[in-house]
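*Asks:* Pasting structure.pdb below, which is PDB, N, CA and C atoms, pLDDT in the B column.
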MODEL        1
ATOM      1  N   MET Z   7     122.327  95.967  54.106  1.00 67.00           N
ATOM      2  CA  MET Z   7     121.834  94.632  53.790  1.00 67.00           C
ATOM      3  C   MET Z   7     122.970  93.604  53.782  1.00 67.00           C
ATOM      4  N   GLU Z   8     124.153  94.038  53.413  1.00 78.00           N
ATOM      5  CA  GLU Z   8     125.299  93.134  53.373  1.00 78.00           C
ATOM      6  C   GLU Z   8     125.618  92.589  54.761  1.00 78.00           C
ATOM      7  N   ASP Z   9     125.462  93.421  55.794  1.00 91.00           N
ATOM      8  CA  ASP Z   9     125.712  92.985  57.166  1.00 91.00           C
ATOM      9  C   ASP Z   9     124.739  91.872  57.560  1.00 91.00           C
ATOM     10  N   ILE Z  10     123.485  92.022  57.193  1.00 90.00           N
ATOM     11  CA  ILE Z  10     122.477  90.993  57.486  1.00 90.00           C
ATOM     12  C   ILE Z  10     122.824  89.707  56.747  1.00 90.00           C
ATOM     13  N   ASP Z  11     123.211  89.817  55.478  1.00 91.00           N
ATOM     14  CA  ASP Z  11     123.570  88.630  54.703  1.00 91.00           C
ATOM     15  C   ASP Z  11     124.742  87.883  55.327  1.00 91.00           C
ATOM     16  N   SER Z  12     125.736  88.610  55.795  1.00 93.00           N
ATOM     17  CA  SER Z  12     126.891  87.946  56.410  1.00 93.00           C
ATOM     18  C   SER Z  12     126.502  87.300  57.738  1.00 93.00           C
ATOM     19  N   LYS Z  13     125.600  87.927  58.476  1.00 92.00           N
ATOM     20  CA  LYS Z  13     125.128  87.338  59.738  1.00 92.00           C
ATOM     21  C   LYS Z  13     124.303  86.079  59.475  1.00 92.00           C
ATOM     22  N   VAL Z  14     123.497  86.094  58.424  1.00 92.00           N
ATOM     23  CA  VAL Z  14     122.713  84.901  58.059  1.00 92.00           C
ATOM     24  C   VAL Z  14     123.656  83.768  57.670  1.00 92.00           C
ATOM     25  N   GLU Z  15     124.675  84.069  56.894  1.00 93.00           N
ATOM     26  CA  GLU Z  15     125.643  83.047  56.497  1.00 93.00           C
ATOM     27  C   GLU Z  15     126.379  82.488  57.710  1.00 93.00           C
ATOM     28  N   GLN Z  16     126.735  83.336  58.655  1.00 95.00           N
ATOM     29  CA  GLN Z  16     127.401  82.865  59.866  1.00 95.00           C
ATOM     30  C   GLN Z  16     126.470  81.981  60.686  1.00 95.00           C
ATOM     31  N   LEU Z  17     125.208  82.357  60.786  1.00 92.00           N
ATOM     32  CA  LEU Z  17     124.220  81.542  61.494  1.00 92.00           C
ATOM     33  C   LEU Z  17     124.124  80.163  60.846  1.00 92.00           C
ATOM     34  N   LYS Z  18     124.058  80.115  59.521  1.00 93.00           N
ATOM     35  CA  LYS Z  18     123.982  78.828  58.817  1.00 93.00           C
ATOM     36  C   LYS Z  18     125.215  77.979  59.086  1.00 93.00           C
ATOM     37  N   ARG Z  19     126.399  78.586  59.051  1.00 95.00           N
ATOM     38  CA  ARG Z  19     127.631  77.841  59.325  1.00 95.00           C
ATOM     39  C   ARG Z  19     127.632  77.305  60.755  1.00 95.00           C
ATOM     40  N   ASP Z  20     127.201  78.135  61.709  1.00 95.00           N
ATOM     41  CA  ASP Z  20     127.163  77.709  63.108  1.00 95.00           C
ATOM     42  C   ASP Z  20     126.182  76.555  63.315  1.00 95.00           C
ATOM     43  N   LEU Z  21     125.000  76.673  62.731  1.00 93.00           N
ATOM     44  CA  LEU Z  21     124.005  75.600  62.847  1.00 93.00           C
ATOM     45  C   LEU Z  21     124.512  74.318  62.209  1.00 93.00           C
ATOM     46  N   TYR Z  22     125.088  74.434  61.028  1.00 93.00           N
ATOM     47  CA  TYR Z  22     125.606  73.263  60.333  1.00 93.00           C
ATOM     48  C   TYR Z  22     126.685  72.580  61.177  1.00 93.00           C
ATOM     49  N   SER Z  23     127.588  73.374  61.716  1.00 96.00           N
ATOM     50  CA  SER Z  23     128.678  72.829  62.528  1.00 96.00           C
ATOM     51  C   SER Z  23     128.132  72.110  63.764  1.00 96.00           C
ATOM     52  N   SER Z  24     127.202  72.738  64.446  1.00 95.00           N
ATOM     53  CA  SER Z  24     126.639  72.158  65.658  1.00 95.00           C
ATOM     54  C   SER Z  24     125.873  70.871  65.355  1.00 95.00           C
ATOM     55  N   ILE Z  25     125.031  70.914  64.346  1.00 95.00           N
ATOM     56  CA  ILE Z  25     124.243  69.730  63.989  1.00 95.00           C
ATOM     57  C   ILE Z  25     125.158  68.603  63.532  1.00 95.00           C
ATOM     58  N   SER Z  26     126.178  68.928  62.742  1.00 95.00           N
ATOM     59  CA  SER Z  26     127.113  67.908  62.262  1.00 95.00           C
ATOM     60  C   SER Z  26     127.828  67.213  63.415  1.00 95.00           C
ATOM     61  N   LYS Z  27     128.252  67.992  64.403  1.00 96.00           N
ATOM     62  CA  LYS Z  27     128.927  67.403  65.564  1.00 96.00           C
ATOM     63  C   LYS Z  27     128.004  66.436  66.294  1.00 96.00           C
ATOM     64  N   HIS Z  28     126.759  66.834  66.472  1.00 96.00           N
ATOM     65  CA  HIS Z  28     125.806  65.972  67.181  1.00 96.00           C
ATOM     66  C   HIS Z  28     125.482  64.718  66.366  1.00 96.00           C
ATOM     67  N   ILE Z  29     125.386  64.860  65.061  1.00 95.00           N
ATOM     68  CA  ILE Z  29     125.124  63.699  64.197  1.00 95.00           C
ATOM     69  C   ILE Z  29     126.266  62.701  64.312  1.00 95.00           C
ATOM     70  N   HIS Z  30     127.503  63.188  64.183  1.00 96.00           N
ATOM     71  CA  HIS Z  30     128.659  62.290  64.250  1.00 96.00           C
ATOM     72  C   HIS Z  30     128.742  61.597  65.613  1.00 96.00           C
ATOM     73  N   LEU Z  31     128.469  62.318  66.677  1.00 97.00           N
ATOM     74  CA  LEU Z  31     128.490  61.731  68.010  1.00 97.00           C
ATOM     75  C   LEU Z  31     127.412  60.652  68.138  1.00 97.00           C
ATOM     76  N   PHE Z  32     126.187  60.969  67.702  1.00 96.00           N
ATOM     77  CA  PHE Z  32     125.089  60.002  67.766  1.00 96.00           C
ATOM     78  C   PHE Z  32     125.430  58.743  66.974  1.00 96.00           C
ATOM     79  N   GLU Z  33     125.925  58.933  65.752  1.00 94.00           N
ATOM     80  CA  GLU Z  33     126.227  57.788  64.899  1.00 94.00           C
ATOM     81  C   GLU Z  33     127.358  56.936  65.486  1.00 94.00           C
ATOM     82  N   ALA Z  34     128.363  57.581  66.075  1.00 95.00           N
ATOM     83  CA  ALA Z  34     129.467  56.842  66.690  1.00 95.00           C
ATOM     84  C   ALA Z  34     128.995  56.046  67.905  1.00 95.00           C
ATOM     85  N   GLU Z  35     128.101  56.621  68.685  1.00 96.00           N
ATOM     86  CA  GLU Z  35     127.629  55.959  69.909  1.00 96.00           C
ATOM     87  C   GLU Z  35     126.623  54.858  69.637  1.00 96.00           C
ATOM     88  N   THR Z  36     125.811  54.999  68.576  1.00 94.00           N
ATOM     89  CA  THR Z  36     124.714  54.053  68.348  1.00 94.00           C
ATOM     90  C   THR Z  36     124.925  53.127  67.162  1.00 94.00           C
ATOM     91  N   GLY Z  37     125.787  53.509  66.240  1.00 92.00           N
ATOM     92  CA  GLY Z  37     125.941  52.725  65.016  1.00 92.00           C
ATOM     93  C   GLY Z  37     124.827  52.971  64.007  1.00 92.00           C
ATOM     94  N   GLN Z  38     123.885  53.826  64.341  1.00 93.00           N
ATOM     95  CA  GLN Z  38     122.778  54.177  63.436  1.00 93.00           C
ATOM     96  C   GLN Z  38     123.192  55.351  62.564  1.00 93.00           C
ATOM     97  N   THR Z  39     122.702  55.373  61.331  1.00 94.00           N
ATOM     98  CA  THR Z  39     122.989  56.465  60.413  1.00 94.00           C
ATOM     99  C   THR Z  39     121.757  57.347  60.265  1.00 94.00           C
ATOM    100  N   ILE Z  40     121.936  58.645  60.420  1.00 94.00           N
ATOM    101  CA  ILE Z  40     120.847  59.607  60.253  1.00 94.00           C
ATOM    102  C   ILE Z  40     120.788  60.013  58.789  1.00 94.00           C
ATOM    103  N   ASN Z  41     119.605  59.943  58.198  1.00 93.00           N
ATOM    104  CA  ASN Z  41     119.480  60.347  56.795  1.00 93.00           C
ATOM    105  C   ASN Z  41     118.671  61.616  56.616  1.00 93.00           C
ATOM    106  N   ASP Z  42     118.031  62.101  57.675  1.00 93.00           N
ATOM    107  CA  ASP Z  42     117.211  63.298  57.522  1.00 93.00           C
ATOM    108  C   ASP Z  42     116.976  63.946  58.882  1.00 93.00           C
ATOM    109  N   ILE Z  43     117.024  65.270  58.887  1.00 93.00           N
ATOM    110  CA  ILE Z  43     116.668  66.046  60.081  1.00 93.00           C
ATOM    111  C   ILE Z  43     115.759  67.178  59.629  1.00 93.00           C
ATOM    112  N   GLU Z  44     114.640  67.318  60.310  1.00 94.00           N
ATOM    113  CA  GLU Z  44     113.688  68.384  59.983  1.00 94.00           C
ATOM    114  C   GLU Z  44     113.377  69.156  61.255  1.00 94.00           C
ATOM    115  N   LEU Z  45     113.573  70.462  61.195  1.00 91.00           N
ATOM    116  CA  LEU Z  45     113.218  71.322  62.313  1.00 91.00           C
ATOM    117  C   LEU Z  45     111.814  71.866  62.062  1.00 91.00           C
ATOM    118  N   VAL Z  46     110.925  71.717  63.033  1.00 94.00           N
ATOM    119  CA  VAL Z  46     109.532  72.140  62.882  1.00 94.00           C
ATOM    120  C   VAL Z  46     109.288  73.337  63.798  1.00 94.00           C
ATOM    121  N   PHE Z  47     108.905  74.452  63.195  1.00 92.00           N
ATOM    122  CA  PHE Z  47     108.658  75.669  63.955  1.00 92.00           C
ATOM    123  C   PHE Z  47     107.170  75.952  64.029  1.00 92.00           C
ATOM    124  N   LEU Z  48     106.735  76.416  65.178  1.00 93.00           N
ATOM    125  CA  LEU Z  48     105.346  76.764  65.431  1.00 93.00           C
ATOM    126  C   LEU Z  48     105.234  78.281  65.437  1.00 93.00           C
ATOM    127  N   PRO Z  49     104.370  78.840  64.589  1.00 92.00           N
ATOM    128  CA  PRO Z  49     104.221  80.303  64.622  1.00 92.00           C
ATOM    129  C   PRO Z  49     103.561  80.750  65.929  1.00 92.00           C
ATOM    130  N   ILE Z  50     104.187  81.696  66.603  1.00 91.00           N
ATOM    131  CA  ILE Z  50     103.625  82.226  67.851  1.00 91.00           C
ATOM    132  C   ILE Z  50     103.567  83.746  67.775  1.00 91.00           C
ATOM    133  N   GLY Z  51     103.465  84.250  66.559  1.00 90.00           N
ATOM    134  CA  GLY Z  51     103.476  85.690  66.349  1.00 90.00           C
ATOM    135  C   GLY Z  51     102.325  86.390  67.051  1.00 90.00           C
ATOM    136  N   THR Z  52     102.582  87.628  67.367  1.00 89.00           N
ATOM    137  CA  THR Z  52     101.568  88.501  67.957  1.00 89.00           C
ATOM    138  C   THR Z  52     101.427  89.717  67.042  1.00 89.00           C
ATOM    139  N   VAL Z  53     100.563  90.594  67.385  1.00 87.00           N
ATOM    140  CA  VAL Z  53     100.397  91.817  66.605  1.00 87.00           C
ATOM    141  C   VAL Z  53     101.711  92.605  66.596  1.00 87.00           C
ATOM    142  N   ASP Z  54     102.379  92.652  67.744  1.00 89.00           N
ATOM    143  CA  ASP Z  54     103.639  93.394  67.847  1.00 89.00           C
ATOM    144  C   ASP Z  54     104.810  92.662  67.181  1.00 89.00           C
ATOM    145  N   GLU Z  55     104.794  91.328  67.202  1.00 88.00           N
ATOM    146  CA  GLU Z  55     105.867  90.518  66.629  1.00 88.00           C
ATOM    147  C   GLU Z  55     105.266  89.419  65.743  1.00 88.00           C
ATOM    148  N   PRO Z  56     104.814  89.789  64.554  1.00 87.00           N
ATOM    149  CA  PRO Z  56     104.066  88.830  63.722  1.00 87.00           C
ATOM    150  C   PRO Z  56     104.900  87.674  63.185  1.00 87.00           C
ATOM    151  N   HIS Z  57     106.203  87.809  63.128  1.00 89.00           N
ATOM    152  CA  HIS Z  57     107.028  86.764  62.515  1.00 89.00           C
ATOM    153  C   HIS Z  57     107.773  85.906  63.534  1.00 89.00           C
ATOM    154  N   LYS Z  58     107.308  85.892  64.755  1.00 91.00           N
ATOM    155  CA  LYS Z  58     107.971  85.138  65.818  1.00 91.00           C
ATOM    156  C   LYS Z  58     107.575  83.655  65.717  1.00 91.00           C
ATOM    157  N   HIS Z  59     108.566  82.788  65.890  1.00 90.00           N
ATOM    158  CA  HIS Z  59     108.333  81.343  65.836  1.00 90.00           C
ATOM    159  C   HIS Z  59     109.044  80.664  66.996  1.00 90.00           C
ATOM    160  N   LEU Z  60     108.578  79.488  67.322  1.00 92.00           N
ATOM    161  CA  LEU Z  60     109.150  78.685  68.394  1.00 92.00           C
ATOM    162  C   LEU Z  60     109.501  77.318  67.819  1.00 92.00           C
ATOM    163  N   LEU Z  61     110.721  76.848  68.076  1.00 91.00           N
ATOM    164  CA  LEU Z  61     111.090  75.500  67.654  1.00 91.00           C
ATOM    165  C   LEU Z  61     110.209  74.531  68.424  1.00 91.00           C
ATOM    166  N   ASN Z  62     109.377  73.806  67.701  1.00 93.00           N
ATOM    167  CA  ASN Z  62     108.372  72.962  68.315  1.00 93.00           C
ATOM    168  C   ASN Z  62     108.786  71.496  68.353  1.00 93.00           C
ATOM    169  N   GLU Z  63     109.394  71.015  67.276  1.00 94.00           N
ATOM    170  CA  GLU Z  63     109.764  69.607  67.189  1.00 94.00           C
ATOM    171  C   GLU Z  63     111.014  69.468  66.339  1.00 94.00           C
ATOM    172  N   ILE Z  64     111.723  68.389  66.540  1.00 93.00           N
ATOM    173  CA  ILE Z  64     112.825  68.014  65.670  1.00 93.00           C
ATOM    174  C   ILE Z  64     112.557  66.578  65.234  1.00 93.00           C
ATOM    175  N   HIS Z  65     112.381  66.384  63.933  1.00 95.00           N
ATOM    176  CA  HIS Z  65     112.148  65.048  63.385  1.00 95.00           C
ATOM    177  C   HIS Z  65     113.481  64.530  62.855  1.00 95.00           C
ATOM    178  N   ILE Z  66     113.851  63.317  63.241  1.00 95.00           N
ATOM    179  CA  ILE Z  66     115.101  62.709  62.801  1.00 95.00           C
ATOM    180  C   ILE Z  66     114.772  61.395  62.121  1.00 95.00           C
ATOM    181  N   GLY Z  67     115.248  61.255  60.885  1.00 95.00           N
ATOM    182  CA  GLY Z  67     115.052  60.013  60.148  1.00 95.00           C
ATOM    183  C   GLY Z  67     116.320  59.183  60.196  1.00 95.00           C
ATOM    184  N   LEU Z  68     116.173  57.909  60.534  1.00 94.00           N
ATOM    185  CA  LEU Z  68     117.307  56.992  60.592  1.00 94.00           C
ATOM    186  C   LEU Z  68     117.268  56.077  59.384  1.00 94.00           C
ATOM    187  N   VAL Z  69     118.448  55.676  58.921  1.00 91.00           N
ATOM    188  CA  VAL Z  69     118.535  54.721  57.826  1.00 91.00           C
ATOM    189  C   VAL Z  69     118.150  53.359  58.372  1.00 91.00           C
ATOM    190  N   ASP Z  70     117.237  52.687  57.688  1.00 84.00           N
ATOM    191  CA  ASP Z  70     116.819  51.345  58.076  1.00 84.00           C
ATOM    192  C   ASP Z  70     117.936  50.373  57.694  1.00 84.00           C
ATOM    193  N   LYS Z  71     118.434  49.644  58.660  1.00 73.00           N
ATOM    194  CA  LYS Z  71     119.539  48.696  58.415  1.00 73.00           C
ATOM    195  C   LYS Z  71     119.186  47.697  57.311  1.00 73.00           C
ATOM    196  N   ASP Z  72     117.912  47.326  57.164  1.00 71.00           N
ATOM    197  CA  ASP Z  72     117.500  46.385  56.124  1.00 71.00           C
ATOM    198  C   ASP Z  72     117.632  46.983  54.725  1.00 71.00           C
ATOM    199  N   ASP Z  73     117.600  48.304  54.626  1.00 67.00           N
ATOM    200  CA  ASP Z  73     117.705  48.977  53.324  1.00 67.00           C
ATOM    201  C   ASP Z  73     119.138  49.245  52.906  1.00 67.00           C
ATOM    202  N   MET Z  74     120.088  49.029  53.804  1.00 63.00           N
ATOM    203  CA  MET Z  74     121.488  49.303  53.491  1.00 63.00           C
ATOM    204  C   MET Z  74     122.048  48.171  52.634  1.00 63.00           C
ATOM    205  N   PRO Z  75     122.876  48.514  51.638  1.00 62.00           N
ATOM    206  CA  PRO Z  75     123.462  47.466  50.799  1.00 62.00           C
ATOM    207  C   PRO Z  75     124.419  46.581  51.599  1.00 62.00           C
ATOM    208  N   LYS Z  76     124.407  45.310  51.300  1.00 62.00           N
ATOM    209  CA  LYS Z  76     125.309  44.363  51.956  1.00 62.00           C
ATOM    210  C   LYS Z  76     126.656  44.402  51.246  1.00 62.00           C
ATOM    211  N   LEU Z  77     127.729  44.520  52.007  1.00 61.00           N
ATOM    212  CA  LEU Z  77     129.067  44.564  51.416  1.00 61.00           C
ATOM    213  C   LEU Z  77     129.765  43.228  51.568  1.00 61.00           C
TER     214      LEU Z  77
ENDMDL
END
Written as structure tokens, that's how I'd like the structure from this file.
*Replies:*
Amino acid sequence: MEDIDSKVEQLKRDLYSSISKHIHLFEAETGQTINDIELVFLPIGTVDEPHKHLLNEIHIGLVDKDDMPKL
């Protein structure tokens, strides 16, 4: 079980690193700030593979410039 736990932790670190890089690139190129990212998975399980899912959508929330404090 420890091997699975370490693999899950590595997966989380890899995903975090990849998403963070893309967020920083997007924000640098557009000047928009991302405040939320939601990954939406669609269950596509079968009798043989009941827990199979497919990444169906990615929802990205941007900070509304009108809601940002004026400095």
*Asks:* Could you check which residues have any atom within 6.5 Å of (110.9, 78.5, 66.5), counting all atoms listed in the file with coordinates taken straight from the file, and then list them as a PyMOL selection string?
*Replies:* chain Z and resi 46-48+58-62
*Asks:* I need the residues of chain Z that end up classed as strand (DSSP E or B) by DSSP on the backbone, written out as a list in words.
*Replies:*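 The residues of chain Z classed as strand (DSSP E or B) are Ile40, Asn41, Asp42, Ile43, Glu44, Leu45, Val46, Phe47, Leu48, Pro49, His59, Leu60, Leu61, Asn62, Glu63, Ile64, His65, Ile66, Gly67 and Leu68 of chain Z.
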*Asks:* Among chain Z, which residues does DSSP mark as helix (DSSP H, G or I) when it is run on the backbone? Keep the chain and numbering as in the structure and answer as a ChimeraX atom specification.
*Replies:* /Z:8-36,71-73
*Asks:* Which value, in Å to one decimal, gives the distance between atom C of Ile25 of chain Z and atom C of Gly67 of chain Z?
*Replies:* 13.3 Å
*Asks:* Can you work out the spacing between atom CA of Asp42 of chain Z and atom CA of Ile66 of chain Z in Å, to one decimal?
*Replies:* 5.7 Å
